[in-house]
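my_file06.cif follows (mmCIF, C-alpha atoms and all ligand atoms):
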data_input
loop_
_atom_site.group_PDB
_atom_site.id
_atom_site.type_symbol
_atom_site.label_atom_id
_atom_site.label_comp_id
_atom_site.auth_asym_id
_atom_site.auth_seq_id
_atom_site.Cartn_x
_atom_site.Cartn_y
_atom_site.Cartn_z
ATOM 1 C CA MET D 709 108.789 132.970 54.492
ATOM 2 C CA ASP D 710 108.555 129.457 55.961
ATOM 3 C CA ASP D 711 108.282 128.722 59.676
ATOM 4 C CA ILE D 712 111.583 128.657 61.578
ATOM 5 C CA LEU D 713 112.540 125.784 63.873
ATOM 6 C CA ILE D 714 115.127 126.452 66.579
ATOM 7 C CA VAL D 715 116.679 123.421 68.238
ATOM 8 C CA GLY D 716 117.689 124.079 71.830
ATOM 9 C CA SER D 717 116.570 126.652 74.388
ATOM 10 C CA GLY D 718 119.977 127.678 75.686
ATOM 11 C CA LEU D 719 121.599 131.057 75.231
ATOM 12 C CA ALA D 720 122.038 130.477 71.497
ATOM 13 C CA GLY D 721 118.415 129.449 70.985
ATOM 14 C CA TYR D 722 116.940 132.346 72.940
ATOM 15 C CA SER D 723 119.371 134.873 71.413
ATOM 16 C CA LEU D 724 118.475 133.705 67.921
ATOM 17 C CA SER D 725 114.742 133.896 68.624
ATOM 18 C CA ARG D 726 115.120 137.421 70.043
ATOM 19 C CA GLU D 727 117.061 138.597 66.956
ATOM 20 C CA ILE D 728 114.551 137.038 64.556
ATOM 21 C CA ARG D 729 111.677 138.661 66.457
ATOM 22 C CA ALA D 730 113.453 142.031 66.240
ATOM 23 C CA ILE D 731 113.293 141.907 62.439
ATOM 24 C CA ASP D 732 110.026 139.992 62.039
ATOM 25 C CA ALA D 733 107.362 139.941 64.727
ATOM 26 C CA GLU D 734 105.014 137.709 62.736
ATOM 27 C CA ILE D 735 107.022 134.791 61.404
ATOM 28 C CA PRO D 736 106.071 131.523 63.119
ATOM 29 C CA LEU D 737 108.893 130.416 65.415
ATOM 30 C CA HIS D 738 109.080 126.965 66.953
ATOM 31 C CA MET D 739 111.580 125.843 69.563
ATOM 32 C CA ILE D 740 112.234 122.255 70.592
ATOM 33 C CA THR D 741 114.459 121.288 73.451
ATOM 34 C CA THR D 742 115.321 118.336 75.627
ATOM 35 C CA ASP D 743 115.013 120.362 78.831
ATOM 36 C CA ARG D 744 112.098 122.384 80.295
ATOM 37 C CA GLY D 745 112.842 125.356 78.073
ATOM 38 C CA ASP D 746 113.286 127.755 80.966
ATOM 39 C CA PHE D 747 115.719 130.589 80.386
ATOM 40 C CA TYR D 748 118.466 130.965 82.943
ATOM 41 C CA SER D 749 122.046 132.171 83.177
ATOM 42 C CA LYS D 750 124.503 129.291 83.343
ATOM 43 C CA PRO D 751 127.324 131.510 84.656
ATOM 44 C CA MET D 752 125.175 132.087 87.776
ATOM 45 C CA LEU D 753 125.126 128.346 88.482
ATOM 46 C CA SER D 754 128.631 128.170 89.934
ATOM 47 C CA ASN D 755 128.003 130.940 92.471
ATOM 48 C CA GLY D 756 124.515 129.706 93.321
ATOM 49 C CA LEU D 757 125.546 126.125 93.938
ATOM 50 C CA GLN D 758 128.234 127.360 96.330
ATOM 51 C CA LYS D 759 125.438 129.076 98.263
ATOM 52 C CA ASN D 760 123.210 125.951 98.192
ATOM 53 C CA LYS D 761 120.576 127.621 96.031
ATOM 54 C CA THR D 762 118.142 125.501 94.008
ATOM 55 C CA ALA D 763 117.555 125.510 90.262
ATOM 56 C CA GLU D 764 114.325 127.482 90.771
ATOM 57 C CA CYS D 765 116.350 130.440 92.049
ATOM 58 C CA PHE D 766 118.025 130.866 88.670
ATOM 59 C CA ARG D 767 115.058 130.758 86.352
ATOM 60 C CA CYS D 768 114.711 134.100 84.554
ATOM 61 C CA ARG D 769 111.746 133.076 82.407
ATOM 62 C CA ASP D 770 109.534 129.987 82.092
ATOM 63 C CA GLY D 771 109.844 127.882 78.973
HETATM 64 C C1 LIG V 801 128.424 126.476 85.335
HETATM 65 C C2 LIG V 801 128.669 127.191 84.032
HETATM 66 C C3 LIG V 801 129.230 128.466 84.036
HETATM 67 C C4 LIG V 801 129.479 129.155 82.851
HETATM 68 N N1 LIG V 801 130.034 130.399 82.913
HETATM 69 C C5 LIG V 801 130.265 131.085 81.774
HETATM 70 C C6 LIG V 801 130.811 132.398 81.806
HETATM 71 O O1 LIG V 801 131.104 132.938 82.880
HETATM 72 N N2 LIG V 801 131.028 133.052 80.632
HETATM 73 C C7 LIG V 801 130.715 132.466 79.426
HETATM 74 O O2 LIG V 801 130.931 133.105 78.386
HETATM 75 N N3 LIG V 801 130.192 131.237 79.366
HETATM 76 C C8 LIG V 801 129.967 130.535 80.500
HETATM 77 N N4 LIG V 801 129.431 129.262 80.432
HETATM 78 C C9 LIG V 801 129.168 128.693 79.131
HETATM 79 C C10 LIG V 801 127.867 129.208 78.544
HETATM 80 O O3 LIG V 801 126.834 129.012 79.502
HETATM 81 C C11 LIG V 801 127.646 128.412 77.300
HETATM 82 O O4 LIG V 801 128.639 128.756 76.367
HETATM 83 C C12 LIG V 801 126.278 128.723 76.688
HETATM 84 O O5 LIG V 801 125.258 128.366 77.622
HETATM 85 C C13 LIG V 801 126.116 127.901 75.431
HETATM 86 O O6 LIG V 801 124.824 128.178 74.953
HETATM 87 P P1 LIG V 801 124.167 127.216 73.905
HETATM 88 O O7 LIG V 801 122.789 127.749 73.665
HETATM 89 O O8 LIG V 801 125.073 127.014 72.738
HETATM 90 O O9 LIG V 801 124.116 125.772 74.622
HETATM 91 P P2 LIG V 801 123.305 125.319 75.916
HETATM 92 O O10 LIG V 801 123.080 126.456 76.859
HETATM 93 O O11 LIG V 801 124.022 124.103 76.408
HETATM 94 O O12 LIG V 801 121.893 124.885 75.347
HETATM 95 C C14 LIG V 801 121.718 123.742 74.531
HETATM 96 C C15 LIG V 801 120.226 123.507 74.390
HETATM 97 O O13 LIG V 801 120.012 122.478 73.421
HETATM 98 C C16 LIG V 801 119.097 121.523 73.937
HETATM 99 N N5 LIG V 801 119.375 120.265 73.273
HETATM 100 C C17 LIG V 801 120.496 119.513 73.362
HETATM 101 N N6 LIG V 801 120.384 118.419 72.594
HETATM 102 C C18 LIG V 801 119.160 118.496 71.987
HETATM 103 C C19 LIG V 801 118.459 117.666 71.069
HETATM 104 N N7 LIG V 801 118.999 116.523 70.596
HETATM 105 N N8 LIG V 801 117.213 118.041 70.661
HETATM 106 C C20 LIG V 801 116.654 119.186 71.137
HETATM 107 N N9 LIG V 801 117.282 120.021 72.001
HETATM 108 C C21 LIG V 801 118.515 119.671 72.407
HETATM 109 C C22 LIG V 801 119.326 121.527 75.429
HETATM 110 O O14 LIG V 801 118.210 121.049 76.123
HETATM 111 C C23 LIG V 801 119.544 123.038 75.680
HETATM 112 O O15 LIG V 801 118.316 123.708 75.816
HETATM 113 C C24 LIG V 801 129.166 128.551 81.603
HETATM 114 C C25 LIG V 801 128.583 127.275 81.588
HETATM 115 C C26 LIG V 801 128.336 126.588 82.775
HETATM 116 C C27 LIG V 801 127.700 125.206 82.725
#

Whole structure given in structure tokens:
Amino acid sequence: MDDILIVGSGLAGYSLSREIRAIDAEIPLHMITTDRGDFYSKPMLSNGLQKNKTAECFRCRDG
């Protein structure tokens, strides 16, 4: 099978990559994004900003 290119490292991008990896651990996966590629939960942003937390507090995984 050809390489797979995922555009965007948001929830959709990371969910898709996780599902592909679950069925094929070897296929080359590439992800391009306009941000840093870090994985974080956007729903946590609203609560965190109210508590004056920084973006670094929300990062679950580096890009
Ligand atoms: C403050 C906040 C709170 C939220 N709370 C909830 C909630 O409680 N419940 C809920 O269900 N949903 C919530 N959402 C919505 C939820 O976060 C989004 O539905 C979800 O993040 C969408 O995921 P996505 O991967 O489609 O898009 P995004 O997370 O927006 O990711 C898009 C990705 O594409 C990349 N990209 C964009 N343009 C390009 C380009 N031209 N080339 C390459 N890469 C590109 C971006 O850099 C990014 O990595 C909330 C959103 C926000 C902002």

Closest-contact table, chain D side, partner ligand LIG 801 (chain V), 12 Å, counting all atoms listed in the file, as a tab-separated table:
residue	atom	partner	partner_atom	distance
D:Leu713	CA	V:LIG801	C20	10.6
D:Ile714	CA	V:LIG801	N9	8.7
D:Val715	CA	V:LIG801	N9	5.1
D:Gly716	CA	V:LIG801	O13	3.2
D:Ser717	CA	V:LIG801	O15	3.7
D:Gly718	CA	V:LIG801	O12	3.4
D:Leu719	CA	V:LIG801	O7	3.8
D:Ala720	CA	V:LIG801	O7	3.6
D:Gly721	CA	V:LIG801	O7	5.4
D:Tyr722	CA	V:LIG801	O7	7.5
D:Ser723	CA	V:LIG801	O7	8.2
D:Leu724	CA	V:LIG801	O7	9.3
D:Ser725	CA	V:LIG801	O7	11.3
D:His738	CA	V:LIG801	C20	11.6
D:Met739	CA	V:LIG801	N9	8.5
D:Ile740	CA	V:LIG801	C20	5.4
D:Thr741	CA	V:LIG801	N9	3.4
D:Thr742	CA	V:LIG801	O14	4.0
D:Asp743	CA	V:LIG801	O14	4.2
D:Arg744	CA	V:LIG801	O14	7.5
D:Gly745	CA	V:LIG801	O15	6.1
D:Asp746	CA	V:LIG801	O15	8.3
D:Phe747	CA	V:LIG801	O15	8.7
D:Tyr748	CA	V:LIG801	O10	8.9
D:Ser749	CA	V:LIG801	O3	6.8
D:Lys750	CA	V:LIG801	O3	4.5
D:Pro751	CA	V:LIG801	N1	3.4
D:Met752	CA	V:LIG801	C3	6.6
D:Leu753	CA	V:LIG801	C1	4.9
D:Ser754	CA	V:LIG801	C1	4.9
D:Asn755	CA	V:LIG801	C1	8.4
D:Gly756	CA	V:LIG801	C1	9.5
D:Leu757	CA	V:LIG801	C1	9.1
D:Gln758	CA	V:LIG801	C1	11.0
D:Ala763	CA	V:LIG801	C1	12.0
D:Phe766	CA	V:LIG801	C1	11.8
D:Gly771	CA	V:LIG801	O15	10.0

Problem set entry | Gap from atom CA of D:Arg767 to atom CA of D:Ile728 - Å, one decimal |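 So the answer is 22.7 Å.
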
Problem set entry | For atom CA of D:Met709 and atom CA of D:Leu737, the interatomic separation in Å (one decimal) |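 Atom CA of D:Met709 sits 11.2 Å away from atom CA of D:Leu737.
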
Any chance you could work out the residue set of the PyMOL selection byres (((chain D and resi 736) around 8) and not hetatm) here, as a PDB file with C-alpha atoms, keeping the file's coordinate frame?
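The resulting file, out-v9.pdb, is reproduced below:
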ATOM      1  CA  ASP D 710     108.555 129.457  55.961  1.00  0.00           C
ATOM      2  CA  ASP D 711     108.282 128.722  59.676  1.00  0.00           C
ATOM      3  CA  ILE D 712     111.583 128.657  61.578  1.00  0.00           C
ATOM      4  CA  GLU D 734     105.014 137.709  62.736  1.00  0.00           C
ATOM      5  CA  ILE D 735     107.022 134.791  61.404  1.00  0.00           C
ATOM      6  CA  LEU D 737     108.893 130.416  65.415  1.00  0.00           C
ATOM      7  CA  HIS D 738     109.080 126.965  66.953  1.00  0.00           C
TER       8      HIS D 738
END
